[in-house]
Amino acid sequence: MRRVASGLTALATVVAMAACSPVTSQDPRRAAIPQGPEYLVFYTQGGQRQAQEAVERAGGATLANDAKLGYLTATGGGGRFVENVGSDGSVVGVSPDRSIGFAEPDAARAARRTGGAKGQAAAFPDAGALTRSGSGEPLAGRQWDMRMIGADRANAKAPGSKQVLVGVIDTGVDGKHPDIAPNFNRELSRNFVTDKPKDEAGETLDGPCEVSSCKDPVDEDDDGHGTHVASTIAAPINGIGIAGVAPGVQIVNIRAGQDSGFFFLKPSLDALTYAGDIGVDVVNMSYYVDPWLFNCTNNKADSRKEQLEQAGIITGMQRALDYAHQRGVTLISALGNGSTDLGHPKVDKESPGYPVGEKKDRQVDNSCVNVPAESAGVVSVAGLGPSGRKAIYSDYGVEQADVSAPGGDALDGKGAKATRSILGAAPEHVLRAAGRIDAKGEPKGADVVKDCKGATCAYYQYLDGTSMAAPHATGVAAILISRFGKPGKGGLELAPATVEDLLYKTATPKACPAPREYVYKAYGQDITQVCEGDEADNGFFGHGVVDAWKAATVEP
């Protein structure tokens, strides 16, 4: 680790200055600070000073203090820096602040993986199985999901208020998409992510940057995941494409995901804090915080450094979620796509997912949690197929599933069909980069749909995942806030506890299948998943299937 020439006295002065105000990469104070990896050091209540001293004793320096969430941004090197800092009684977690990349802009772009969703291949044979609807939006006939929850009827009665702000914490939102633009709030939207072209090993991560700063505009989505989510919530009724669950509310892009689909801790903390500060009413979180699928604080398979990282994710996210929740933000999350009983997890083969190549098999149990799906104060949503069954991929658990909603299931029936998935908006440039449309702009397979209104054309894509289920619940929450909210910060306000109660009250109860050991048949295999609980609350459907029509008509 590099030391400053003027010795420890100068270093202590710089640390004290940094504790009062952030030290940016352009700040002249930065030159006097030891260089090394950066970490988020979470401290106990009242433990800021002691945590700073622990950082100093370990040979590091404090760059900034976030008093809202109780953590330091610190830099430090050496093989034992994290363990040494984490051994202090004031420190409850130490997580890496994943480094931010920079590269010159490049017009070329690699295809992006879809974060948290299962995309459909081009081979589905039934592209024309559903055609333009006789009523509603042009592609309403393809929206079995909206009919399942009564959103097609609710659209006319309770479309949602422009005073309701819905935050989409995701990979970004294509604010220029014709079926999102009318409801997109560009002024309030923020991007808390800087693209990182390559990872630490020099392998492609986000790919070449589109702009010199590598920080995309607030109306851009180079993955497509966030755009799909946003359209399910609030695609407007405007004569093109589809309609969302709440087509009258506003979408605020609060980007926390990389182009590559990774979601790291610091952007997630910033996004939730921002949502609370500006008066967002409800946020949709269709992701888990990388790099750990299951966060365990005392797993024997993990090093002490890895345990401290996971403790930091659990603690930091809970503080950020609490911060937003206390400021009126209803928190809704996808439950996960691992086909796992989250109440009885056994093996985690996906962690750590970053850097690439670091995954290991480890035994886990119910003390390990998926964040934010299993964090306190969060409404977690299981996914359903068009038959109403729990989707084969959807995680479940009697303690974890709060409600259920259509998320798509291409395997829900004989063979695999794209139209069993969820149709949502897709950025044209993402589809081109992935080779899903040809040079003339025509779809290459059944997973992509094009719809035009005059000279304006828009694209849509079928996707599966609890990522697709969560925004249905978010849209229903937005309807409830529109109906029962009172004037407040950002427009309307309704206490999250009230929103949650109404969401459960208006959900349609659905009992476990009989027998409870439900057998899925997929690609010649039998996969058994067991549903626990009663009709009022069970591991497959939670308190029931969200219902937009009931939300639009329920009495206060």
# chains A, B, ... in the order shown; residues from 1 in each chain; ligands from 1
>>> closest_atom_pairs(of="region 221-265 of chain A", to="region 427-440 of chain A", cutoff="10 Å", atoms="only C-alpha atoms", output="Markdown table")
| residue | atom | partner | partner_atom | distance |
| --- | --- | --- | --- | --- |
| A:Asp221 | CA | A:Pro427 | CA | 7.2 |
| A:Asp222 | CA | A:Val430 | CA | 6.1 |
| A:Asp223 | CA | A:Val430 | CA | 6.5 |
| A:Gly224 | CA | A:Pro427 | CA | 6.0 |
| A:His225 | CA | A:Pro427 | CA | 9.5 |
| A:Gly226 | CA | A:Pro427 | CA | 10.0 |
| A:Thr227 | CA | A:Pro427 | CA | 7.2 |
| A:His228 | CA | A:Pro427 | CA | 8.8 |
>>> select_by_dssp(residues="region 160-243 of chain A", states="strand (DSSP E)", output="PyMOL selection string")
chain A and resi 165-169+190-191
>>> residues_around(residues="region 385-401 of chain A", least_positions_apart="2", cutoff="7 Å", atoms="only C-alpha atoms", output="ChimeraX atom specification")
/A:144,335-343,374,380-383,403,406-409,412,420,466,520,532-533,538-542
>>> atom_distance(atom1="CA of Lys349 (chain A)", atom2="CA of Gly524 (chain A)")
23.1 Å
>>> atom_distance(atom1="CA of Gln45 (chain A)", atom2="CA of Asp302 (chain A)")
26.8 Å
>>> closest_residue(among="A:Asp170, A:Glu187, A:Asp206, A:Asp179", to="Arg255 (chain A)", atoms="only C-alpha atoms")
A:Asp170
>>> residues_around(residues="Ala497 (chain A)", least_positions_apart="5", cutoff="12 Å", atoms="only C-alpha atoms", output="count of residues only")
16
>>> closest_atom_pairs(of="region 387-431 of chain A", to="region 233-253 of chain A", cutoff="10 Å", atoms="only C-alpha atoms", output="JSON lines")
{"residue": "A:Leu423", "atom": "CA", "partner": "A:Ile242", "partner_atom": "CA", "distance": 8.3}
{"residue": "A:Gly424", "atom": "CA", "partner": "A:Ile242", "partner_atom": "CA", "distance": 7.6}
{"residue": "A:Ala425", "atom": "CA", "partner": "A:Ile242", "partner_atom": "CA", "distance": 8.2}
>>> write_last_selection(atoms="N, CA, C and O atoms", output="tab-separated table (two decimals), in the first residue's frame")
chain	number	residue	atom	x	y	z
A	423	LEU	N	-45.60	-10.12	-22.47
A	423	LEU	CA	-45.21	-9.19	-23.53
A	423	LEU	C	-44.99	-7.80	-22.93
A	423	LEU	O	-45.87	-7.26	-22.25
A	424	GLY	N	-43.81	-7.23	-23.17
A	424	GLY	CA	-43.51	-5.90	-22.66
A	424	GLY	C	-42.63	-5.14	-23.62
A	424	GLY	O	-42.06	-5.70	-24.57
A	425	ALA	N	-42.52	-3.85	-23.41
A	425	ALA	CA	-41.75	-2.98	-24.30
A	425	ALA	C	-40.28	-3.35	-24.33
A	425	ALA	O	-39.71	-3.78	-23.32
>>> closest_residue(among="A:Phe294, A:Tyr288, A:Phe484, A:Tyr523", to="Leu411 (chain A)", atoms="only C-alpha atoms")
A:Tyr523
>>> closest_residue(among="A:Ser90, A:Thr474, A:Asn84, A:Ser212", to="Leu72 (chain A)", atoms="only C-alpha atoms")
A:Ser90
>>> atom_distance(atom1="CA of Ser333 (chain A)", atom2="CA of Ala275 (chain A)")
14.8 Å
>>> select_by_dssp(residues="region 231-297 of chain A", states="helix (DSSP H, G or I)", output="VMD selection string")
chain A and resid 231 to 234 265 to 278
>>> closest_residue(among="A:Arg98, A:Lys68, A:Lys510, A:Arg142", to="Pro37 (chain A)", atoms="only C-alpha atoms")
A:Arg98
>>> closest_residue(among="A:Ala67, A:Leu463, A:Leu188, A:Ala201", to="Ile278 (chain A)", atoms="only C-alpha atoms")
A:Leu188
